[in-house]
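Source file structure14.cif; content: mmCIF, C-alpha atoms and all ligand atoms.
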```cif
data_entry
#
loop_
_atom_site.label_atom_id
_atom_site.label_comp_id
_atom_site.auth_asym_id
_atom_site.auth_seq_id
_atom_site.Cartn_x
_atom_site.Cartn_y
_atom_site.Cartn_z
CA MET K 1 0.00 0.00 0.00
CA GLY K 2 2.65 2.51 1.04
CA VAL K 3 6.39 2.29 0.67
CA ASP K 4 7.85 -0.94 1.97
CA ASN K 5 10.44 -0.77 4.67
CA GLU K 6 13.17 -2.38 2.55
CA GLN K 7 12.77 0.33 -0.08
CA LEU K 8 12.85 3.09 2.52
CA MET K 9 15.96 1.63 4.16
CA ALA K 10 17.69 1.44 0.77
CA TRP K 11 17.02 5.15 0.17
CA LEU K 12 18.09 6.14 3.67
CA LYS K 13 21.32 4.16 3.39
CA SER K 14 22.69 6.70 0.96
CA TYR K 15 21.50 9.69 3.04
CA ASP K 16 23.95 11.92 4.86
CA SER K 17 21.92 12.33 8.04
CA ASP K 18 23.94 15.40 9.09
CA ASP K 19 22.85 17.17 5.94
CA VAL K 20 19.13 16.51 5.61
CA THR K 21 17.01 19.07 3.74
CA ILE K 22 13.32 19.48 4.47
CA GLY K 23 11.38 19.81 1.23
CA VAL K 24 7.81 20.95 0.80
CA VAL K 25 5.47 21.99 -1.98
CA ALA K 26 5.02 25.74 -1.60
CA SER K 27 1.35 25.89 -0.63
CA HIS K 28 -1.14 24.92 2.10
CA SER K 29 0.93 24.92 5.36
CA SER K 30 4.36 25.33 3.78
CA LEU K 31 5.17 28.68 5.45
CA GLN K 32 4.72 26.98 8.79
CA ILE K 33 6.68 23.87 7.77
CA LEU K 34 9.58 25.86 6.31
CA HIS K 35 9.71 28.17 9.33
CA GLY K 36 9.61 25.20 11.72
CA ALA K 37 12.33 23.35 9.79
CA ARG K 38 14.54 26.40 9.93
CA MET K 39 13.97 26.78 13.68
CA GLU K 40 15.20 23.22 14.13
CA GLY K 41 18.31 23.95 12.08
CA PHE K 42 17.43 22.22 8.79
CA LYS K 43 18.17 23.41 5.28
CA THR K 44 14.95 23.89 3.32
CA LEU K 45 13.75 23.34 -0.22
CA GLY K 46 10.62 24.85 -1.74
CA ILE K 47 8.97 23.04 -4.63
CA ALA K 48 6.78 25.14 -6.90
CA VAL K 49 5.19 25.57 -10.29
CA GLY K 50 5.31 29.18 -11.53
CA GLU K 51 7.61 32.07 -10.67
CA ASN K 52 4.78 34.00 -8.96
CA ARG K 53 4.69 31.45 -6.23
CA ARG K 54 8.40 31.77 -5.64
CA LYS K 55 8.33 35.56 -5.55
CA PHE K 56 5.61 35.54 -2.94
CA TYR K 57 7.90 33.73 -0.47
CA SER K 58 10.36 36.63 -0.51
CA ALA K 59 7.69 38.47 1.49
CA PHE K 60 8.37 36.10 4.41
CA PRO K 61 12.13 35.86 4.95
CA GLY K 62 11.63 33.73 8.09
CA ALA K 63 10.12 31.00 5.97
CA GLU K 64 11.77 31.55 2.59
CA PRO K 65 13.31 28.28 1.35
CA ASP K 66 17.11 28.10 1.04
CA GLU K 67 16.68 26.54 -2.38
CA TRP K 68 13.93 26.07 -4.95
CA LEU K 69 12.97 23.25 -7.25
CA MET K 70 10.89 24.82 -10.01
CA LEU K 71 8.66 22.49 -12.03
CA ASP K 72 6.50 22.82 -15.13
CA ASN K 73 3.80 20.77 -13.46
CA TYR K 74 3.51 18.82 -10.23
CA SER K 75 3.66 15.35 -11.75
CA GLU K 76 7.22 16.23 -12.86
CA LEU K 77 8.10 15.78 -9.19
CA LEU K 78 7.97 12.01 -9.69
CA SER K 79 10.85 12.17 -12.18
CA LYS K 80 12.93 14.36 -9.83
CA ALA K 81 13.14 11.67 -7.16
CA LYS K 82 16.82 10.86 -7.75
CA TRP K 83 17.76 14.56 -7.70
CA LEU K 84 15.90 14.95 -4.41
CA ARG K 85 17.47 11.87 -2.83
CA GLU K 86 20.95 13.05 -3.84
CA ARG K 87 20.26 16.16 -1.74
CA ASN K 88 19.07 14.11 1.26
CA VAL K 89 15.59 15.58 0.97
CA VAL K 90 12.76 14.49 3.25
CA ILE K 91 9.41 15.67 1.91
CA ILE K 92 6.70 16.83 4.29
CA PRO K 93 3.32 16.00 2.76
CA HIS K 94 0.29 18.23 3.10
CA GLY K 95 -3.16 18.39 1.54
CA SER K 96 -2.05 20.29 -1.55
CA LEU K 97 0.78 17.87 -2.37
CA VAL K 98 -1.58 14.92 -2.20
CA GLU K 99 -4.19 16.82 -4.22
CA TYR K 100 -1.75 18.03 -6.91
CA LEU K 101 -0.09 14.64 -7.36
CA GLY K 102 -3.13 12.47 -6.69
CA SER K 103 -2.95 9.96 -3.83
CA ASP K 104 -1.84 7.09 -6.13
CA ASN K 105 1.07 9.11 -7.53
CA TYR K 106 1.97 10.33 -4.08
CA ARG K 107 2.35 6.75 -2.95
CA LYS K 108 4.72 6.17 -5.89
CA LEU K 109 7.00 9.13 -5.12
CA GLU K 110 10.45 7.62 -4.66
CA VAL K 111 11.63 10.00 -1.96
CA PRO K 112 11.39 9.56 1.83
CA THR K 113 8.36 11.40 3.17
CA PHE K 114 7.34 12.21 6.72
CA GLY K 115 4.56 10.03 8.19
CA ASN K 116 2.91 6.88 6.93
CA ARG K 117 1.85 7.03 3.29
CA GLY K 118 -0.15 3.83 3.64
CA ILE K 119 -2.64 5.49 5.97
CA LEU K 120 -3.70 7.88 3.20
CA HIS K 121 -5.47 4.99 1.54
CA TRP K 122 -7.76 4.89 4.57
CA GLU K 123 -8.16 8.63 4.63
CA SER K 124 -9.03 8.86 0.93
CA SER K 125 -12.52 7.36 1.04
CA ARG K 126 -15.45 8.31 3.26
CA GLU K 127 -16.43 4.66 3.80
CA ARG K 128 -12.94 3.66 4.88
CA GLN K 129 -12.69 6.69 7.18
CA ARG K 130 -15.98 5.69 8.78
CA GLN K 131 -14.76 2.14 9.34
CA TRP K 132 -11.51 3.40 10.88
CA LEU K 133 -13.05 6.10 13.09
CA GLU K 134 -15.89 3.90 14.32
CA SER K 135 -13.46 1.14 15.22
CA GLY K 136 -11.62 3.80 17.22
CA GLY K 137 -14.76 4.62 19.23
CA CYS K 138 -15.81 7.82 17.43
CA GLU K 139 -19.44 8.53 16.72
CA LEU K 140 -20.04 9.85 13.20
CA PRO K 141 -23.02 11.70 11.73
CA LYS K 142 -25.66 9.23 10.54
CA VAL K 143 -25.71 8.36 6.86
CA ILE K 144 -29.03 8.39 4.98
CA ASP K 145 -28.95 5.78 2.23
CA ASP K 146 -32.26 6.59 0.59
CA PRO K 147 -33.02 10.29 -0.09
CA HIS K 148 -36.73 9.55 0.45
CA ASP K 149 -35.85 8.99 4.12
CA ILE K 150 -34.64 12.56 4.66
CA ASP K 151 -36.76 13.89 7.51
CA GLY K 152 -34.61 16.66 8.96
CA PRO K 153 -31.61 18.72 7.89
CA VAL K 154 -28.96 16.78 5.99
CA ILE K 155 -25.74 17.76 4.26
CA VAL K 156 -25.07 16.29 0.83
CA LYS K 157 -21.37 15.79 0.08
CA TYR K 158 -19.96 15.00 -3.34
CA ALA K 159 -17.12 12.50 -3.52
CA GLY K 160 -14.65 14.71 -5.38
CA ALA K 161 -15.54 17.96 -3.60
CA LYS K 162 -12.56 19.92 -2.32
CA GLY K 163 -12.77 22.04 0.79
CA GLY K 164 -16.54 21.75 1.05
CA GLU K 165 -17.21 23.11 -2.45
CA GLY K 166 -20.52 22.02 -3.89
CA TYR K 167 -21.99 20.64 -0.64
CA PHE K 168 -25.58 21.57 0.03
CA ILE K 169 -28.13 21.35 2.81
CA ALA K 170 -31.54 19.77 2.31
CA ARG K 171 -34.48 19.56 4.70
CA ASP K 172 -36.55 17.02 2.79
CA TYR K 173 -36.66 15.00 -0.40
CA ARG K 174 -37.94 17.98 -2.43
CA ASP K 175 -34.97 20.09 -1.40
CA PHE K 176 -32.65 17.24 -2.21
CA LYS K 177 -34.13 16.70 -5.68
CA ARG K 178 -34.01 20.37 -6.50
CA ASN K 179 -30.28 20.65 -5.81
CA VAL K 180 -28.70 17.28 -6.44
CA ASN K 181 -26.44 16.49 -9.36
CA LEU K 182 -27.12 12.81 -9.95
CA ASP K 183 -24.10 12.46 -12.27
CA GLU K 184 -21.76 12.63 -9.30
CA ASP K 185 -21.25 10.26 -6.38
CA PHE K 186 -22.53 11.71 -3.14
CA THR K 187 -23.17 10.87 0.49
CA ILE K 188 -26.12 12.15 2.49
CA GLN K 189 -25.23 12.84 6.12
CA GLU K 190 -27.31 13.96 9.04
CA TYR K 191 -26.59 17.68 9.54
CA VAL K 192 -25.18 17.88 13.05
CA LEU K 193 -26.18 21.05 14.83
CA GLY K 194 -23.47 22.29 17.15
CA CYS K 195 -20.08 23.98 17.28
CA ARG K 196 -17.16 22.86 15.16
CA TYR K 197 -13.72 22.04 16.56
CA TYR K 198 -10.88 20.91 14.33
CA MET K 199 -8.46 19.29 16.75
CA HIS K 200 -4.82 19.00 15.69
CA PHE K 201 -3.02 16.09 17.30
CA PHE K 202 0.49 14.72 16.89
CA PHE K 203 1.36 11.10 17.48
CA ASP K 204 5.01 10.29 18.14
CA PRO K 205 5.59 6.52 17.99
CA THR K 206 9.19 6.92 19.17
CA ALA K 207 8.39 8.64 22.50
CA THR K 208 7.89 6.56 25.64
CA ASP K 209 6.77 9.37 27.98
CA GLY K 210 3.72 11.64 28.23
CA PHE K 211 0.19 10.54 27.28
CA GLN K 212 0.79 7.03 25.99
CA VAL K 213 -1.65 5.47 23.53
CA GLN K 214 -2.74 2.03 24.66
CA GLY K 215 -2.79 -0.52 21.87
CA LYS K 216 -5.79 -2.71 21.24
CA GLY K 217 -6.50 -5.87 19.24
CA SER K 218 -3.20 -7.33 18.13
CA HIS K 219 -1.37 -4.57 20.07
CA ALA K 220 -3.33 -4.97 23.33
CA GLY K 221 -1.23 -4.31 26.42
CA LYS K 222 1.38 -2.29 24.53
CA ASN K 223 2.13 1.41 24.74
CA LEU K 224 2.23 2.63 21.14
CA GLY K 225 3.68 6.12 21.60
CA ARG K 226 2.91 9.64 22.77
CA LEU K 227 -0.19 11.60 21.85
CA GLU K 228 0.00 15.40 21.95
CA LEU K 229 -2.63 18.05 21.35
CA MET K 230 -0.99 20.81 19.30
CA SER K 231 -3.81 23.26 18.62
CA MET K 232 -7.43 23.68 17.59
CA ASP K 233 -9.07 25.79 14.92
CA ARG K 234 -12.40 26.57 13.43
CA ARG K 235 -12.65 27.15 9.71
CA ASP K 236 -14.15 30.16 8.09
CA GLU K 237 -16.47 28.82 5.43
CA SER K 238 -17.86 31.01 2.70
CA ASN K 239 -20.61 31.77 2.58
CA VAL K 240 -22.39 29.70 5.23
CA ASP K 241 -20.60 31.43 8.11
CA GLU K 242 -22.03 34.82 7.20
CA PHE K 243 -25.37 33.66 5.86
CA TYR K 244 -27.34 34.51 8.96
CA LYS K 245 -26.90 38.22 8.21
CA LEU K 246 -29.33 37.96 5.31
CA GLY K 247 -32.21 36.42 7.25
CA SER K 248 -33.71 32.95 7.62
CA LEU K 249 -33.04 30.02 5.34
CA ARG K 250 -36.49 30.62 3.85
CA ASP K 251 -35.66 34.29 3.11
CA LEU K 252 -32.47 33.15 1.46
CA ARG K 253 -34.23 30.58 -0.70
CA GLU K 254 -36.61 33.29 -1.86
CA MET K 255 -33.52 35.14 -3.04
CA ASN K 256 -32.32 31.94 -4.74
CA LEU K 257 -29.32 31.65 -2.44
CA GLU K 258 -27.95 28.38 -1.05
CA PRO K 259 -25.27 28.11 1.64
CA SER K 260 -21.84 26.89 0.52
CA PHE K 261 -18.94 25.55 2.57
CA VAL K 262 -15.81 26.77 0.81
CA VAL K 263 -12.91 27.14 3.25
CA THR K 264 -11.41 30.63 3.13
CA GLY K 265 -9.50 30.86 6.42
CA ASN K 266 -9.00 29.56 9.92
CA MET K 267 -9.16 30.92 13.43
CA SER K 268 -7.92 29.84 16.81
CA VAL K 269 -10.29 28.23 19.31
CA VAL K 270 -10.05 26.31 22.56
CA ILE K 271 -12.59 23.83 23.80
CA ARG K 272 -13.98 23.86 27.34
CA GLU K 273 -11.52 22.04 29.51
CA SER K 274 -14.00 19.40 30.68
CA LEU K 275 -14.27 18.20 27.06
CA LEU K 276 -10.53 17.61 26.69
CA PRO K 277 -10.46 14.14 28.30
CA LYS K 278 -13.09 12.98 25.79
CA ALA K 279 -11.13 14.60 22.95
CA PHE K 280 -8.06 12.62 24.00
CA GLU K 281 -10.11 9.43 24.33
CA LEU K 282 -11.32 9.81 20.73
CA ALA K 283 -7.83 10.58 19.43
CA GLU K 284 -6.28 7.73 21.39
CA GLY K 285 -8.89 5.29 20.06
CA THR K 286 -8.30 6.54 16.52
CA VAL K 287 -4.53 6.07 16.76
CA ALA K 288 -4.89 2.63 18.37
CA ALA K 289 -7.37 1.62 15.64
CA SER K 290 -4.95 2.79 12.91
CA PHE K 291 -2.55 0.01 13.92
CA GLU K 292 -5.30 -2.56 13.39
CA LEU K 293 -6.38 -1.47 9.89
CA GLU K 294 -6.19 -4.16 7.24
CA GLU K 295 -2.77 -4.31 5.53
CA GLU K 296 -1.64 -1.39 7.67
CA SER K 297 0.71 -2.30 10.48
CA ARG K 298 2.56 1.01 10.94
CA GLY K 299 -0.50 3.02 11.93
CA MET K 300 -0.61 6.77 12.36
CA ILE K 301 2.66 8.73 12.45
CA GLY K 302 2.86 12.47 13.13
CA PRO K 303 0.12 15.06 12.73
CA PHE K 304 -3.56 14.32 12.21
CA CYS K 305 -6.77 16.23 12.68
CA LEU K 306 -10.15 15.13 14.00
CA GLU K 307 -12.88 17.32 12.58
CA THR K 308 -15.69 17.42 15.08
CA ILE K 309 -18.97 19.02 16.02
CA VAL K 310 -20.01 19.25 19.69
CA ASN K 311 -23.76 19.35 20.19
CA ASP K 312 -25.67 20.93 23.08
CA ARG K 313 -25.56 17.67 25.00
CA LEU K 314 -21.75 18.09 24.91
CA GLU K 315 -21.34 15.04 22.67
CA PHE K 316 -18.73 14.87 19.94
CA ARG K 317 -19.55 13.83 16.42
CA VAL K 318 -16.47 13.26 14.29
CA PHE K 319 -17.24 13.98 10.64
CA GLU K 320 -13.77 13.59 9.13
CA ILE K 321 -10.11 12.77 9.77
CA SER K 322 -7.05 14.19 8.01
CA ALA K 323 -4.04 11.94 8.48
CA ARG K 324 -1.42 14.67 7.94
CA ILE K 325 -0.80 18.31 8.79
CA VAL K 326 -3.89 20.46 8.19
CA ALA K 327 -3.96 24.10 7.11
CA GLY K 328 -6.01 24.80 10.23
CA SER K 329 -2.72 24.64 12.16
CA ASN K 330 -1.48 27.78 10.36
CA PRO K 331 -2.69 30.26 13.01
CA PHE K 332 -0.23 28.66 15.43
CA ILE K 333 3.19 29.36 13.91
CA GLY K 334 4.05 31.10 17.18
CA GLY K 335 2.56 28.37 19.38
CA SER K 336 -0.94 27.69 20.70
CA PRO K 337 -2.73 27.59 24.07
CA TYR K 338 -2.11 23.81 24.06
CA SER K 339 1.39 23.39 22.61
CA ASP K 340 2.63 26.27 24.81
CA LEU K 341 2.00 24.03 27.82
CA ASN K 342 4.73 21.70 26.54
CA GLU K 343 7.09 24.14 24.84
CA ALA K 344 6.73 27.71 23.60
CA PHE K 345 6.78 28.49 19.86
CA MET K 346 6.08 24.90 18.89
CA SER K 347 3.98 24.84 15.73
CA THR K 348 2.98 21.54 14.13
CA GLY K 349 5.48 22.32 11.35
CA ARG K 350 8.25 22.72 13.89
CA ARG K 351 7.08 19.61 15.76
CA ILE K 352 7.55 17.61 12.55
CA ALA K 353 11.08 18.98 12.15
CA ARG K 354 11.81 18.23 15.83
CA SER K 355 10.68 14.69 15.30
CA ILE K 356 13.02 14.28 12.31
CA LYS K 357 15.89 15.82 14.26
CA LYS K 358 15.39 13.41 17.16
CA ALA K 359 15.12 10.43 14.82
CA ILE K 360 18.38 11.42 13.11
CA LYS K 361 20.09 11.62 16.50
CA ASN K 362 18.79 8.17 17.48
CA SER K 363 19.33 6.62 14.02
CA GLU K 364 15.65 5.76 13.72
CA LEU K 365 14.48 7.78 10.73
CA ASP K 366 12.85 4.65 9.32
CA ARG K 367 10.35 4.74 12.23
CA ILE K 368 8.84 8.06 11.19
CA LEU K 369 9.31 8.17 7.41
CA SER K 370 7.79 6.17 4.59
P1 LIG U 1 -15.83 18.24 5.12
O1 LIG U 1 -15.50 18.33 3.65
O2 LIG U 1 -16.38 16.92 5.50
O3 LIG U 1 -14.64 18.67 5.96
O4 LIG U 1 -16.98 19.30 5.42
C1 LIG U 1 -16.90 20.67 5.06
C2 LIG U 1 -17.73 21.49 6.03
O5 LIG U 1 -19.11 21.11 5.99
C3 LIG U 1 -17.34 21.31 7.48
O6 LIG U 1 -16.25 22.11 7.85
C4 LIG U 1 -18.59 21.68 8.22
O7 LIG U 1 -18.78 23.07 8.32
C5 LIG U 1 -19.67 21.16 7.31
N1 LIG U 1 -20.10 19.80 7.68
C6 LIG U 1 -19.57 18.64 7.20
N2 LIG U 1 -20.24 17.58 7.68
C7 LIG U 1 -21.21 18.07 8.48
C8 LIG U 1 -22.27 17.48 9.24
N3 LIG U 1 -22.47 16.16 9.25
N4 LIG U 1 -23.09 18.30 9.92
C9 LIG U 1 -22.92 19.65 9.90
N5 LIG U 1 -21.98 20.26 9.18
C10 LIG U 1 -21.12 19.49 8.47
#
```

Once you've parsed the file, please lay out its structure as structure tokens.
Amino acid sequence: MGVDNEQLMAWLKSYDSDDVTIGVVASHSSLQILHGARMEGFKTLGIAVGENRRKFYSAFPGAEPDEWLMLDNYSELLSKAKWLRERNVVIIPHGSLVEYLGSDNYRKLEVPTFGNRGILHWESSRERQRQWLESGGCELPKVIDDPHDIDGPVIVKYAGAKGGEGYFIARDYRDFKRNVNLDEDFTIQEYVLGCRYYMHFFFDPTATDGFQVQGKGSHAGKNLGRLELMSMDRRDESNVDEFYKLGSLRDLREMNLEPSFVVTGNMSVVIRESLLPKAFELAEGTVAASFELEEESRGMIGPFCLETIVNDRLEFRVFEISARIVAGSNPFIGGSPYSDLNEAFMSTGRRIARSIKKAIKNSELDRILS
């Protein structure tokens, strides 16, 4: 599924571990990743298509890459693997890299990458995510198989939709029929009313202290590694987040307007402290379950995000998982109310670099790369 260990070891054998460069596609959370890598003393490489992109980074000297790899298109990255390995590059994946390359191509990239590439297979389909999260003890919004059964607000999600684009809300079958595009695959989910919390965790399988994740199933009785809460955000979604200003949903329909869920930004939030133990329980279960997924023995490595809604009974519903760094961690380049409790100025990007630095020191890069 991912990169096999033998292959990874063969690549790493030729690496000069005192001269590792952190490489990242210049987009998504790359400012944070480049800044964090620099803070941990790494050389950095930006990968981009188009000179405009490169110029823009000169506006942020603290995150400007030491070197650039300019491409005509992102799939060209696959053919640059040898060049990248000769420079001891470790690539940090983020949502844009996976989107630009496609998850199949990303798995074929012959360069060491941070985290477990195999887990992306589980992240890449809603059904597999559901299976994974439910086996980890998370409760997900209900799925409505037959649109005739819609009897309250639902959200209709298209399979290929990016960042919430094209989703719509329906109250009944008539609403659904009026808006649906039957040519595309979609899922109908119960619309969960509550407040959204996008919780950014980091799982370090090499650490034996702190909040240890207890294994289950074939790993029962074992400590799997340390779970950390880095930060939490809420997304700004256009235009649903500002819709209320124009009146009720009925008023809006009369104006022929439908809410949309396109992500435009992120802001910092904290959750009430009494909900944190439950948040950790869900994240711990999700990590433990990742080690039990079919054909997936390495489990979660590094950053992941549980996207949740808390209802007025203070119950979490988890509607999605991202098994990599999320752009919602960008408000926390200077630290967060959670990561500050462990170490000041520790962004998720920097935490990734710290993890690589420690693994180099302990000669265990193969435990955190794939
Ligand atoms: P997603 O693509 O699953 O991350 O969803 C995009 C956005 O749609 C989320 O950030 C939420 O604002 C909203 N959303 C997704 N699923 C639900 C749900 N089941 N109930 C309410 N809102 C949802």

Distance cut-off 9 Å, centre (-2.8, 12.4, 18.9) in file coordinates, counting only C-alpha atoms: which residues qualify? Return them as a PDB file with C-alpha atoms, in the frame of the given file.
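As a result, result05.pdb now contains:
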```pdb
ATOM      1  CA  HIS K 200      -4.820  19.000  15.690  1.00  0.00           C
ATOM      2  CA  PHE K 201      -3.020  16.090  17.300  1.00  0.00           C
ATOM      3  CA  PHE K 202       0.490  14.720  16.890  1.00  0.00           C
ATOM      4  CA  PHE K 203       1.360  11.100  17.480  1.00  0.00           C
ATOM      5  CA  ASP K 204       5.010  10.290  18.140  1.00  0.00           C
ATOM      6  CA  VAL K 213      -1.650   5.470  23.530  1.00  0.00           C
ATOM      7  CA  ARG K 226       2.910   9.640  22.770  1.00  0.00           C
ATOM      8  CA  LEU K 227      -0.190  11.600  21.850  1.00  0.00           C
ATOM      9  CA  GLU K 228       0.000  15.400  21.950  1.00  0.00           C
ATOM     10  CA  LEU K 229      -2.630  18.050  21.350  1.00  0.00           C
ATOM     11  CA  MET K 230      -0.990  20.810  19.300  1.00  0.00           C
ATOM     12  CA  PHE K 280      -8.060  12.620  24.000  1.00  0.00           C
ATOM     13  CA  ALA K 283      -7.830  10.580  19.430  1.00  0.00           C
ATOM     14  CA  GLU K 284      -6.280   7.730  21.390  1.00  0.00           C
ATOM     15  CA  THR K 286      -8.300   6.540  16.520  1.00  0.00           C
ATOM     16  CA  VAL K 287      -4.530   6.070  16.760  1.00  0.00           C
ATOM     17  CA  MET K 300      -0.610   6.770  12.360  1.00  0.00           C
ATOM     18  CA  GLY K 302       2.860  12.470  13.130  1.00  0.00           C
ATOM     19  CA  PRO K 303       0.120  15.060  12.730  1.00  0.00           C
ATOM     20  CA  PHE K 304      -3.560  14.320  12.210  1.00  0.00           C
ATOM     21  CA  CYS K 305      -6.770  16.230  12.680  1.00  0.00           C
TER      22      CYS K 305
END
```

With only C-alpha atoms and all ligand atoms counted, collect every polymer residue having an atom within 8 Å of ligand LIG 1 (chain U); state the result as a VMD selection string.
chain K and resid 140 to 142 154 to 155 157 161 to 165 167 189 to 194 196 235 237 261 to 263 307 309 319 to 320

As a PDB file with C-alpha atoms, in the coordinates of the input, please: the residues near Leu293 (chain K) (cut-off 9 Å, all atoms listed in the file, same-chain neighbours under 6 positions excluded).
```pdb
ATOM      1  CA  ILE K 119      -2.640   5.490   5.970  1.00  0.00           C
ATOM      2  CA  TRP K 122      -7.760   4.890   4.570  1.00  0.00           C
ATOM      3  CA  TRP K 132     -11.510   3.400  10.880  1.00  0.00           C
ATOM      4  CA  GLY K 299      -0.500   3.020  11.930  1.00  0.00           C
TER       5      GLY K 299
END
```

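Remark: for Thr264 (chain K), the closest of the candidate residues K:Gly328, K:Pro65, K:Gly285, K:Gly95 is K:Gly328 (distances computed over only C-alpha atoms).
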
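Across K:Thr113, K:Asn342, K:Ser290, K:Ser297, the tightest approach to Ile356 (chain K) is made by K:Thr113 when counting all atoms listed in the file.
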